[in-house]
Amino acid sequence: MPSRHARLAVLAAAVAFLWGASALAQETAVVRVKLIQGDVPTDPLAPVWNTTPATEFPMSPQVHWPKRILQVTVKSIKVRGVHNTKQIAFLLEYADPTQDPADAAALEFMVGDKKAHFAHGQPMAQVEGGPVNIWYWRNDTPGAADMNAKGFGTLKKQAQQDVQARGVWKDEKTKVRFKERKLILRKDAKGEPAKDPKTGEPLFDEETKVVEQDATGVWHVVFTRALTTTDPNDAQFQLGTFPNIAFAVWDGKKLESGDLKESGSQKAVTSWWYFNAEPPTNYSIYLYGLIAVVVAAGVEYVIIRKVRKGQPA
Amino acid sequence: MKGAVLLVAVFVVFKFGAPLVTAPLPMSLIWLYLFLTTVGIVVYGTLSSESTEALLGPIFRFLSGEGLNGAAKFARLAVLMLVPLLVGWETYSDLVPSSQPPAENRTIHPAPPGEFVGLANPVPNTPENVMMGKGLYAAFCSPCHGPKFNGNGPSSDGFNPPPANFVDSGTIAQLQESYLFWRIKKGGVGLSVEGHPWKSAMPRWEVELPDEWIWKIIMAEYAGSGHKPRTWE
C-alpha cells in the first residue's frame with residue numbers, strides 16, 4: 001500500500017520540521033550595520049540615521065556583581081549602525097528625562113578570538129578568556145574614552161585612543177516599551193488573603209505585560225571608529241561577521257543626598273548580543289545559483305532517460 | 001497507519017508516562033525520541049523487498065511519466081521544474097553571506113567538576129531552614145530568577161541566555177543538589193569548556209555567600225518551584 005508510505009513520509013517531514021523549528025526558537029537580536037556611501041556621521045542627528053533600521057535591546061539593572069542596583073532609569077535602548085568599509089558608527093538612543101553632566105553610555109566588545117565574559121572580561125574558571133574593549137562616553141567630557149579590561153578592577157584607558165563620541169540630548173517625546181511585572185496577593189472565596197495549606201505563607205500571582213509608556217527627553221549618542229585599528233588592545237571588525245556587542249547606560253542625575261543616581265557598577269546593562277557590518281554585494285553568487293539550476297536540470301534529464309530505458313531493480 | 005499510532009504512543013509515554021517514575025522530560029528530548037522513532041519506521045518499511053517495491057515503484061512510474069495523464073501529468077511537470085529551482089535557491093542561500101549569527105547551541109547542563117559530584121545537602125530540611133533559604137533567595141536570586149522561581153525576575157530582560165526558569169521541568173528538576181551547589185558557587189564563569197558560549201550572567205556566589213546559605217537557598221528553590229532534587233538511587 002503506497003499511500004501508507006506517503007503518509008509516513010509526510011509525518012517524517014512534519015517531525016523534522018518541528019524539530020528544526022524548536023532548535024531555532026532561541027531568539028537572537030542583531031544590530032544591522034548598513035553599508036553607506038561617503039563619510040559615516042559623527043552627528044547624532046544626521047539625516048542618514050532616519051533611514052537606518054534600529055534594533056531594540058531591553059536593559060537590566062546591574063545585579064550581577066556588587067555594588068548592585070535594583071531600579072534603573074533606562075529600560076531599553078535603540079541601536080543603529082552604519083559603515084563605509086573603513087569607518088563604523090553606532091547610534092544609541094534612549095529615554096532619560098533629565099540631562100545631567102554625569103549621564104554616560106558605553107559599548108563593549110571582545111578583543112581577539114577568545115571569548116570574554118561580558119562583566120568586564122572577568123576570568124573564567126575552566127576556559128581561557130580574553131579581554132574586553134570598552135568605548136565610554138560621558139556628557140561632561142568631550143570625546144570618548146577607549147578602554148580595556150580583563151577582570152573587575154582592571155579597567156583602564158588605553159595609550160592609543162581611537163574612538164570618537166558625541167551625545168545630544170533632546171527635549172522630545174518618545175515611547176518606551178518594557179515588561180512590567182506585578183505581584184498580586186491571591187484571595188480565597190471569602191475575599192481573604194489565600195494561604196499555602198502546608199506552609200501558611202501568603203500566595204500571590206504574577207502579572208507580566210509589555211507596556212508602552214510616554215516619555216520626554218532622549219539621548220542620542222554616536223560612537224565612531226575605524227573598523228580596524230593598529231592597536232592590539234582594540235576589538236577589530238571584519239565585514240559580514242557577527243562580533244559580540246554589549247551596552248551600558250548610566251543616569252547621572254544628582255539625588256538630594258548629593259549622590260549620583262547611577263554610577264560605577266550601578267548602571268543599566270545588557271549581556272552579549274551581536275552586530276553585523278553588511279558586506280558589499282557579491283554578484284557572482286547569482287551566477288553560481290544559475291549554474292546550479294542548469295546542472296540540476298541536466299541530472300534530472302539523465303535520470304529520467306535511464307528510468308525510461310529500463311526499470312532498474 | 002501503524003507508524004502513526006506508534007508515534008503517538010511514544011509521545012504519550014514520554015510526555016505523560018515518564019513523569020510518573022522520574023522527573024518530567026524537557027520537550028526537546030521528546031522531539032528527539034519522536035524523530036528517532038520516525039527514522040526507525042522508515043528503515044523498517046524499506047527492509048523487505050515487497051515493501052521496498054511499494055515505496056519505490058510509484059516513484060519510478062512518476063519519474064518516467066508513463067501512463068500518467070490529467071492532473072498527475074501536470075504534477076509531474078511541476079515537480080520536475082521545481083527541483084532544479086530549489087537546488088539553485090539552496091546554492092544561492094548557501095553562498096549568500098549569512099544574515100543570522102552562528103548558532104551557539106548552549107550545553108545547558110555540562111558535567112560538573114569531580115569535587116562537586118554526589119555532595120549531600122548538610123543542612124537539615126526543616127521549615128525554618130527552608131524559610132531562611134527563601135529569604136536569601138528573595139534578596140539575592142529573585143531579581144533574575146523571579147519571585148515565582150520562573151526566571152521572570154525584574155532584572156532578567158537584559159540577559160542572554162535568560163536566567164533559568166526553575167519551574168520548568170528542564171532545569172533543577174533534572175539536577176541533583178550537588179550540581180546546583182556547583183552552579184551557584186561558581187556561576188556562569190565557572191562553566192566548563194562544554195558549557196560554551198560562556199555568556200551566562202549567573203553570578204559566582206562563592207565570593208559573597210557562605211556554603212551553608214547556598215545549601216539553604218537550594219532547599220528553598222526546590223520548595224518554591226514544586227520540584228524534587230534528582231537522586232540516582
# chains A, B, ... in the order shown; residues from 1 in each chain; ligands from 1
>>> residues_around(residues="Glu128 in chain A", least_positions_apart="6", cutoff="10 Å", atoms="only C-alpha atoms", output="VMD selection string")
(chain A and resid 114 to 116) or (chain B and resid 193)
>>> write_last_selection(atoms="all heavy atoms", output="CSV table (one decimal), in the first residue's frame")
chain,number,residue,atom,x,y,z
A,114,LYS,N,39.5,34.9,21.5
A,114,LYS,CA,39.0,34.3,22.7
A,114,LYS,C,37.7,34.9,23.2
A,114,LYS,O,37.5,36.1,23.1
A,114,LYS,CB,40.0,34.4,23.9
A,114,LYS,CG,41.3,33.6,23.5
A,114,LYS,CD,42.0,33.2,24.8
A,114,LYS,CE,43.3,32.5,24.5
A,114,LYS,NZ,44.3,33.4,23.9
A,115,LYS,N,36.8,34.1,23.8
A,115,LYS,CA,35.6,34.6,24.4
A,115,LYS,C,35.9,35.4,25.6
A,115,LYS,O,36.8,35.0,26.3
A,115,LYS,CB,34.7,33.4,24.8
A,115,LYS,CG,34.1,32.6,23.6
A,115,LYS,CD,32.9,33.3,23.1
A,115,LYS,CE,32.3,32.5,21.9
A,115,LYS,NZ,31.2,33.1,21.3
A,116,ALA,N,35.2,36.5,25.8
A,116,ALA,CA,35.4,37.2,27.0
A,116,ALA,C,34.1,37.3,27.8
A,116,ALA,O,33.0,37.4,27.1
A,116,ALA,CB,35.9,38.6,26.7
B,193,VAL,N,34.4,23.8,29.6
B,193,VAL,CA,34.6,24.0,28.2
B,193,VAL,C,33.4,23.7,27.4
B,193,VAL,O,33.0,24.4,26.5
B,193,VAL,CB,35.9,23.2,27.7
B,193,VAL,CG1,36.0,23.3,26.2
B,193,VAL,CG2,37.1,23.7,28.4
>>> interface_residues(of="chain B", to="chain A", cutoff="6 Å", atoms="only C-alpha atoms", output="VMD selection string")
chain B and resid 38 54 to 55 64 84 to 85 88 91 to 92 101 155 157 to 159 189 to 190 192 to 193 203
>>> write_last_selection(atoms="C-alpha atoms", output="mmCIF file, in the first residue's frame")
data_model
loop_
_atom_site.group_PDB
_atom_site.id
_atom_site.type_symbol
_atom_site.label_atom_id
_atom_site.label_comp_id
_atom_site.auth_asym_id
_atom_site.auth_seq_id
_atom_site.Cartn_x
_atom_site.Cartn_y
_atom_site.Cartn_z
ATOM 1 C CA THR B 38 10.248 8.071 12.668
ATOM 2 C CA ALA B 54 5.749 -0.493 -2.539
ATOM 3 C CA LEU B 55 7.844 2.537 -1.581
ATOM 4 C CA SER B 64 9.225 8.035 -16.271
ATOM 5 C CA PRO B 84 16.233 22.455 -10.225
ATOM 6 C CA LEU B 85 14.875 25.774 -8.970
ATOM 7 C CA GLY B 88 19.521 26.768 -7.388
ATOM 8 C CA THR B 91 23.099 27.052 -3.666
ATOM 9 C CA TYR B 92 22.360 30.743 -3.618
ATOM 10 C CA PRO B 101 24.674 34.880 13.819
ATOM 11 C CA SER B 155 16.188 42.303 36.164
ATOM 12 C CA ASP B 157 15.320 41.118 30.447
ATOM 13 C CA GLY B 158 18.809 42.309 29.504
ATOM 14 C CA PHE B 159 20.486 38.921 29.835
ATOM 15 C CA VAL B 189 32.223 31.976 34.795
ATOM 16 C CA GLY B 190 32.603 28.524 36.399
ATOM 17 C CA SER B 192 33.384 24.114 31.790
ATOM 18 C CA VAL B 193 34.634 24.005 28.210
ATOM 19 C CA PRO B 203 26.922 35.338 39.391
#
>>> residues_around(residues="range 211-216 of chain B", least_positions_apart="6", cutoff="7 Å", atoms="only C-alpha atoms", output="list of chain:residue names")
B:Asn121, B:Val123, B:Asn129, B:Val130, B:Met132, B:Gly133, B:Phe181
>>> select_by_dssp(residues="range 59-274 of chain A", states="strand (DSSP E or B)", output="ChimeraX atom specification")
/A:60-61,76-83,87-95,104-110,132-138,141-149,156-157,164-185,187,193,195,202,204-226,244-250,254,260,268-269,273-274
>>> atom_distance(atom1="CA of Pro142 in chain A", atom2="CA of Lys175 in chain A")
28.4 Å
>>> atom_distance(atom1="CA of Val163 in chain A", atom2="CA of Gly143 in chain A")
7.8 Å
>>> select_by_dssp(residues="range 18-224 of chain B", states="helix (DSSP H, G or I)", output="mmCIF file with C-alpha atoms, in the first residue's frame")
data_model
loop_
_atom_site.group_PDB
_atom_site.id
_atom_site.type_symbol
_atom_site.label_atom_id
_atom_site.label_comp_id
_atom_site.auth_asym_id
_atom_site.auth_seq_id
_atom_site.Cartn_x
_atom_site.Cartn_y
_atom_site.Cartn_z
ATOM 1 C CA ALA B 18 7.771 9.330 32.300
ATOM 2 C CA PRO B 19 6.801 11.904 34.963
ATOM 3 C CA LEU B 20 5.191 9.078 36.976
ATOM 4 C CA VAL B 21 8.526 7.373 37.548
ATOM 5 C CA MET B 27 10.168 18.952 25.231
ATOM 6 C CA SER B 28 13.378 18.950 23.149
ATOM 7 C CA LEU B 29 14.225 15.462 24.397
ATOM 8 C CA ILE B 30 10.747 14.196 23.489
ATOM 9 C CA TRP B 31 11.170 15.569 19.980
ATOM 10 C CA LEU B 32 14.441 13.687 19.705
ATOM 11 C CA TYR B 33 12.720 10.424 20.636
ATOM 12 C CA LEU B 34 9.928 11.062 18.128
ATOM 13 C CA PHE B 35 12.451 11.805 15.438
ATOM 14 C CA LEU B 36 14.362 8.577 16.118
ATOM 15 C CA THR B 37 11.107 6.597 16.068
ATOM 16 C CA THR B 38 10.248 8.071 12.668
ATOM 17 C CA VAL B 39 13.643 7.099 11.290
ATOM 18 C CA GLY B 40 13.080 3.586 12.663
ATOM 19 C CA ILE B 41 9.715 3.295 10.939
ATOM 20 C CA VAL B 42 11.136 4.356 7.572
ATOM 21 C CA VAL B 43 14.058 1.952 7.892
ATOM 22 C CA TYR B 44 11.684 -0.871 8.842
ATOM 23 C CA GLY B 45 9.435 -0.044 5.879
ATOM 24 C CA SER B 49 11.763 -6.352 -0.896
ATOM 25 C CA GLU B 50 7.969 -6.087 -1.238
ATOM 26 C CA SER B 51 7.820 -3.048 0.967
ATOM 27 C CA THR B 52 10.722 -1.505 -0.937
ATOM 28 C CA GLU B 53 8.797 -2.063 -4.160
ATOM 29 C CA ALA B 54 5.749 -0.493 -2.539
ATOM 30 C CA LEU B 55 7.844 2.537 -1.581
ATOM 31 C CA LEU B 56 9.893 2.935 -4.762
ATOM 32 C CA GLY B 57 7.563 1.606 -7.514
ATOM 33 C CA PRO B 58 5.304 4.649 -7.613
ATOM 34 C CA ILE B 59 8.339 6.913 -7.610
ATOM 35 C CA PHE B 60 9.779 5.245 -10.718
ATOM 36 C CA ARG B 61 6.441 5.368 -12.504
ATOM 37 C CA PHE B 62 6.156 9.032 -11.613
ATOM 38 C CA LEU B 63 9.641 9.816 -12.938
ATOM 39 C CA SER B 64 9.225 8.035 -16.271
ATOM 40 C CA ALA B 71 -3.596 16.166 -13.057
ATOM 41 C CA ALA B 72 -0.837 13.587 -12.495
ATOM 42 C CA LYS B 73 0.879 14.657 -15.698
ATOM 43 C CA PHE B 74 0.718 18.253 -14.660
ATOM 44 C CA ALA B 75 2.003 17.463 -11.158
ATOM 45 C CA ARG B 76 4.965 15.604 -12.673
ATOM 46 C CA LEU B 77 5.907 18.593 -14.789
ATOM 47 C CA ALA B 78 5.618 20.916 -11.822
ATOM 48 C CA VAL B 79 7.864 18.714 -9.680
ATOM 49 C CA LEU B 80 10.422 18.335 -12.449
ATOM 50 C CA MET B 81 10.611 22.108 -12.827
ATOM 51 C CA LEU B 82 10.609 22.841 -9.128
ATOM 52 C CA VAL B 83 13.530 20.586 -8.227
ATOM 53 C CA PRO B 84 16.233 22.455 -10.225
ATOM 54 C CA LEU B 85 14.875 25.774 -8.970
ATOM 55 C CA LEU B 86 15.104 24.533 -5.406
ATOM 56 C CA VAL B 87 18.669 23.353 -5.948
ATOM 57 C CA GLY B 88 19.521 26.768 -7.388
ATOM 58 C CA TRP B 89 17.931 28.517 -4.423
ATOM 59 C CA GLU B 90 19.795 26.267 -1.977
ATOM 60 C CA THR B 91 23.099 27.052 -3.666
ATOM 61 C CA TYR B 92 22.360 30.743 -3.618
ATOM 62 C CA SER B 93 21.331 30.805 0.022
ATOM 63 C CA ASP B 94 24.374 28.730 0.977
ATOM 64 C CA LEU B 95 26.690 31.277 -0.632
ATOM 65 C CA GLY B 114 34.620 15.982 40.241
ATOM 66 C CA GLU B 115 34.650 17.669 43.632
ATOM 67 C CA PHE B 116 31.002 18.683 43.143
ATOM 68 C CA PRO B 127 10.648 24.570 57.796
ATOM 69 C CA GLU B 128 12.919 27.167 59.475
ATOM 70 C CA ASN B 129 15.818 26.422 57.144
ATOM 71 C CA VAL B 130 13.586 26.483 54.062
ATOM 72 C CA MET B 131 12.131 29.768 55.283
ATOM 73 C CA MET B 132 15.577 31.268 55.721
ATOM 74 C CA GLY B 133 16.553 29.955 52.266
ATOM 75 C CA LYS B 134 13.523 31.691 50.784
ATOM 76 C CA GLY B 135 14.554 34.957 52.407
ATOM 77 C CA LEU B 136 18.060 34.685 50.968
ATOM 78 C CA TYR B 137 16.604 33.718 47.594
ATOM 79 C CA ALA B 138 14.365 36.799 47.653
ATOM 80 C CA ALA B 139 17.351 39.025 48.413
ATOM 81 C CA PHE B 140 19.956 37.596 46.028
ATOM 82 C CA CYS B 141 18.313 35.474 43.345
ATOM 83 C CA SER B 142 14.799 36.796 42.721
ATOM 84 C CA PRO B 143 15.916 39.892 40.753
ATOM 85 C CA CYS B 144 16.910 37.476 37.964
ATOM 86 C CA HIS B 145 15.166 34.155 38.650
ATOM 87 C CA ILE B 172 16.588 21.935 38.534
ATOM 88 C CA ALA B 173 14.062 19.076 38.268
ATOM 89 C CA GLN B 174 16.751 17.317 36.197
ATOM 90 C CA GLU B 177 21.507 19.186 44.799
ATOM 91 C CA SER B 178 25.284 18.904 44.461
ATOM 92 C CA TYR B 179 25.026 20.088 40.844
ATOM 93 C CA LEU B 180 23.128 23.194 41.967
ATOM 94 C CA PHE B 181 25.752 23.748 44.656
ATOM 95 C CA TRP B 182 28.409 23.862 41.932
ATOM 96 C CA ARG B 183 26.414 26.188 39.652
ATOM 97 C CA ILE B 184 25.539 28.597 42.445
ATOM 98 C CA LYS B 185 29.042 28.681 43.935
ATOM 99 C CA LYS B 186 30.925 29.093 40.638
ATOM 100 C CA GLY B 188 28.445 31.454 34.729
ATOM 101 C CA VAL B 189 32.223 31.976 34.795
ATOM 102 C CA GLY B 190 32.603 28.524 36.399
ATOM 103 C CA VAL B 193 34.634 24.005 28.210
ATOM 104 C CA GLU B 194 31.445 22.185 27.074
ATOM 105 C CA GLY B 195 29.406 24.893 28.747
ATOM 106 C CA TRP B 205 28.167 33.440 44.579
ATOM 107 C CA GLU B 206 31.125 31.944 46.466
ATOM 108 C CA VAL B 207 32.567 35.434 46.736
ATOM 109 C CA ASP B 211 28.208 27.489 51.806
ATOM 110 C CA GLU B 212 25.528 27.000 54.437
ATOM 111 C CA TRP B 213 23.427 29.789 52.926
ATOM 112 C CA ILE B 214 23.792 28.252 49.482
ATOM 113 C CA TRP B 215 22.501 24.890 50.748
ATOM 114 C CA LYS B 216 19.528 26.635 52.339
ATOM 115 C CA ILE B 217 18.800 28.521 49.115
ATOM 116 C CA ILE B 218 18.884 25.197 47.239
ATOM 117 C CA MET B 219 16.178 23.789 49.539
ATOM 118 C CA ALA B 220 14.147 26.952 49.007
ATOM 119 C CA GLU B 221 14.471 26.660 45.202
ATOM 120 C CA TYR B 222 13.015 23.156 45.266
ATOM 121 C CA ALA B 223 10.276 24.073 47.740
ATOM 122 C CA GLY B 224 9.377 27.191 45.782
#
>>> residues_around(residues="Gly264 in chain A", least_positions_apart="4", cutoff="12 Å", atoms="only C-alpha atoms", output="ChimeraX atom specification")
/A:62,65-69,102-106,152-153,155,248-252,259-260,268-269
>>> residues_around(residues="range 96-99 of chain A", least_positions_apart="6", cutoff="9 Å", atoms="only C-alpha atoms", output="list in words")
Thr73, Val74, Asn139, Trp169, Lys170, Asp171, Ala215, Thr216, Gly217, Val218, Trp219, Asp251, Gly252 and Lys253 of chain A
>>> write_last_selection(atoms="N, CA, C and O atoms", output="PDB file, in the first residue's frame")
ATOM      1  N   THR A  73      16.944  53.890  35.414  1.00  0.00           N
ATOM      2  CA  THR A  73      16.120  54.795  34.614  1.00  0.00           C
ATOM      3  C   THR A  73      15.875  54.228  33.224  1.00  0.00           C
ATOM      4  O   THR A  73      14.758  54.255  32.719  1.00  0.00           O
ATOM      5  N   VAL A  74      16.934  53.694  32.591  1.00  0.00           N
ATOM      6  CA  VAL A  74      16.823  53.307  31.182  1.00  0.00           C
ATOM      7  C   VAL A  74      16.436  51.833  31.082  1.00  0.00           C
ATOM      8  O   VAL A  74      17.172  50.953  31.520  1.00  0.00           O
ATOM      9  N   ASN A 139      28.666  62.775  29.366  1.00  0.00           N
ATOM     10  CA  ASN A 139      28.159  64.069  28.902  1.00  0.00           C
ATOM     11  C   ASN A 139      29.105  65.224  29.181  1.00  0.00           C
ATOM     12  O   ASN A 139      29.250  66.120  28.358  1.00  0.00           O
ATOM     13  N   TRP A 169      21.275  65.627  23.753  1.00  0.00           N
ATOM     14  CA  TRP A 169      20.033  65.347  24.472  1.00  0.00           C
ATOM     15  C   TRP A 169      18.954  66.249  23.919  1.00  0.00           C
ATOM     16  O   TRP A 169      19.168  67.448  23.736  1.00  0.00           O
ATOM     17  N   LYS A 170      17.809  65.680  23.578  1.00  0.00           N
ATOM     18  CA  LYS A 170      16.730  66.499  23.025  1.00  0.00           C
ATOM     19  C   LYS A 170      15.487  66.342  23.873  1.00  0.00           C
ATOM     20  O   LYS A 170      15.140  65.242  24.296  1.00  0.00           O
ATOM     21  N   ASP A 171      14.846  67.486  24.085  1.00  0.00           N
ATOM     22  CA  ASP A 171      13.631  67.516  24.899  1.00  0.00           C
ATOM     23  C   ASP A 171      12.459  67.075  24.023  1.00  0.00           C
ATOM     24  O   ASP A 171      11.592  67.871  23.701  1.00  0.00           O
ATOM     25  N   ALA A 215       7.361  59.133  27.242  1.00  0.00           N
ATOM     26  CA  ALA A 215       8.488  59.690  27.982  1.00  0.00           C
ATOM     27  C   ALA A 215       8.946  60.936  27.249  1.00  0.00           C
ATOM     28  O   ALA A 215       8.713  61.092  26.048  1.00  0.00           O
ATOM     29  N   THR A 216       9.587  61.843  27.977  1.00  0.00           N
ATOM     30  CA  THR A 216      10.123  63.053  27.372  1.00  0.00           C
ATOM     31  C   THR A 216      11.605  63.124  27.680  1.00  0.00           C
ATOM     32  O   THR A 216      12.005  62.901  28.818  1.00  0.00           O
ATOM     33  N   GLY A 217      12.388  63.446  26.665  1.00  0.00           N
ATOM     34  CA  GLY A 217      13.836  63.551  26.845  1.00  0.00           C
ATOM     35  C   GLY A 217      14.538  62.329  26.313  1.00  0.00           C
ATOM     36  O   GLY A 217      14.295  61.220  26.793  1.00  0.00           O
ATOM     37  N   VAL A 218      15.349  62.516  25.269  1.00  0.00           N
ATOM     38  CA  VAL A 218      16.030  61.377  24.639  1.00  0.00           C
ATOM     39  C   VAL A 218      17.506  61.713  24.427  1.00  0.00           C
ATOM     40  O   VAL A 218      17.830  62.797  23.930  1.00  0.00           O
ATOM     41  N   TRP A 219      18.364  60.799  24.823  1.00  0.00           N
ATOM     42  CA  TRP A 219      19.773  60.912  24.472  1.00  0.00           C
ATOM     43  C   TRP A 219      20.012  60.258  23.110  1.00  0.00           C
ATOM     44  O   TRP A 219      19.502  59.159  22.849  1.00  0.00           O
ATOM     45  N   ASP A 251      22.351  56.813  34.388  1.00  0.00           N
ATOM     46  CA  ASP A 251      21.614  58.050  34.599  1.00  0.00           C
ATOM     47  C   ASP A 251      22.354  58.807  35.700  1.00  0.00           C
ATOM     48  O   ASP A 251      22.266  58.459  36.872  1.00  0.00           O
ATOM     49  N   GLY A 252      23.079  59.855  35.313  1.00  0.00           N
ATOM     50  CA  GLY A 252      23.944  60.571  36.258  1.00  0.00           C
ATOM     51  C   GLY A 252      23.240  61.649  37.048  1.00  0.00           C
ATOM     52  O   GLY A 252      23.880  62.592  37.524  1.00  0.00           O
ATOM     53  N   LYS A 253      21.923  61.527  37.201  1.00  0.00           N
ATOM     54  CA  LYS A 253      21.162  62.536  37.948  1.00  0.00           C
ATOM     55  C   LYS A 253      21.649  62.625  39.393  1.00  0.00           C
ATOM     56  O   LYS A 253      21.908  61.602  40.033  1.00  0.00           O
TER      57      LYS A 253
END
>>> residues_around(residues="Val221 in chain A", least_positions_apart="6", cutoff="8 Å", atoms="only C-alpha atoms", output="number ranges by chain")
A: 44, 91-93, 105, 165-168
>>> write_last_selection(atoms="N, CA, C and O atoms", output="PDB file, in the first residue's frame")
ATOM      1  N   PRO A  44      24.873  62.907  15.937  1.00  0.00           N
ATOM      2  CA  PRO A  44      23.796  62.005  16.352  1.00  0.00           C
ATOM      3  C   PRO A  44      22.462  62.301  15.681  1.00  0.00           C
ATOM      4  O   PRO A  44      21.565  61.460  15.705  1.00  0.00           O
ATOM      5  N   LEU A  91      24.831  54.412  16.737  1.00  0.00           N
ATOM      6  CA  LEU A  91      23.992  55.413  17.390  1.00  0.00           C
ATOM      7  C   LEU A  91      23.170  54.735  18.485  1.00  0.00           C
ATOM      8  O   LEU A  91      22.440  53.772  18.210  1.00  0.00           O
ATOM      9  N   LEU A  92      23.311  55.213  19.724  1.00  0.00           N
ATOM     10  CA  LEU A  92      22.470  54.723  20.822  1.00  0.00           C
ATOM     11  C   LEU A  92      21.411  55.776  21.108  1.00  0.00           C
ATOM     12  O   LEU A  92      21.729  56.963  21.181  1.00  0.00           O
ATOM     13  N   GLU A  93      20.166  55.323  21.281  1.00  0.00           N
ATOM     14  CA  GLU A  93      19.104  56.262  21.643  1.00  0.00           C
ATOM     15  C   GLU A  93      18.313  55.681  22.789  1.00  0.00           C
ATOM     16  O   GLU A  93      17.921  54.507  22.740  1.00  0.00           O
ATOM     17  N   ALA A 105      27.257  56.547  28.665  1.00  0.00           N
ATOM     18  CA  ALA A 105      26.881  55.328  27.935  1.00  0.00           C
ATOM     19  C   ALA A 105      28.150  54.638  27.472  1.00  0.00           C
ATOM     20  O   ALA A 105      29.197  55.284  27.316  1.00  0.00           O
ATOM     21  N   ALA A 165      33.191  60.152  20.140  1.00  0.00           N
ATOM     22  CA  ALA A 165      31.787  60.053  20.512  1.00  0.00           C
ATOM     23  C   ALA A 165      31.191  61.445  20.682  1.00  0.00           C
ATOM     24  O   ALA A 165      31.917  62.408  20.982  1.00  0.00           O
ATOM     25  N   ARG A 166      29.886  61.537  20.461  1.00  0.00           N
ATOM     26  CA  ARG A 166      29.180  62.805  20.669  1.00  0.00           C
ATOM     27  C   ARG A 166      27.760  62.501  21.088  1.00  0.00           C
ATOM     28  O   ARG A 166      27.103  61.642  20.499  1.00  0.00           O
ATOM     29  N   GLY A 167      27.299  63.188  22.111  1.00  0.00           N
ATOM     30  CA  GLY A 167      25.934  62.989  22.579  1.00  0.00           C
ATOM     31  C   GLY A 167      25.127  64.266  22.458  1.00  0.00           C
ATOM     32  O   GLY A 167      25.644  65.351  22.682  1.00  0.00           O
ATOM     33  N   VAL A 168      23.848  64.117  22.059  1.00  0.00           N
ATOM     34  CA  VAL A 168      22.928  65.255  22.029  1.00  0.00           C
ATOM     35  C   VAL A 168      21.666  64.836  22.760  1.00  0.00           C
ATOM     36  O   VAL A 168      21.077  63.797  22.442  1.00  0.00           O
TER      37      VAL A 168
END
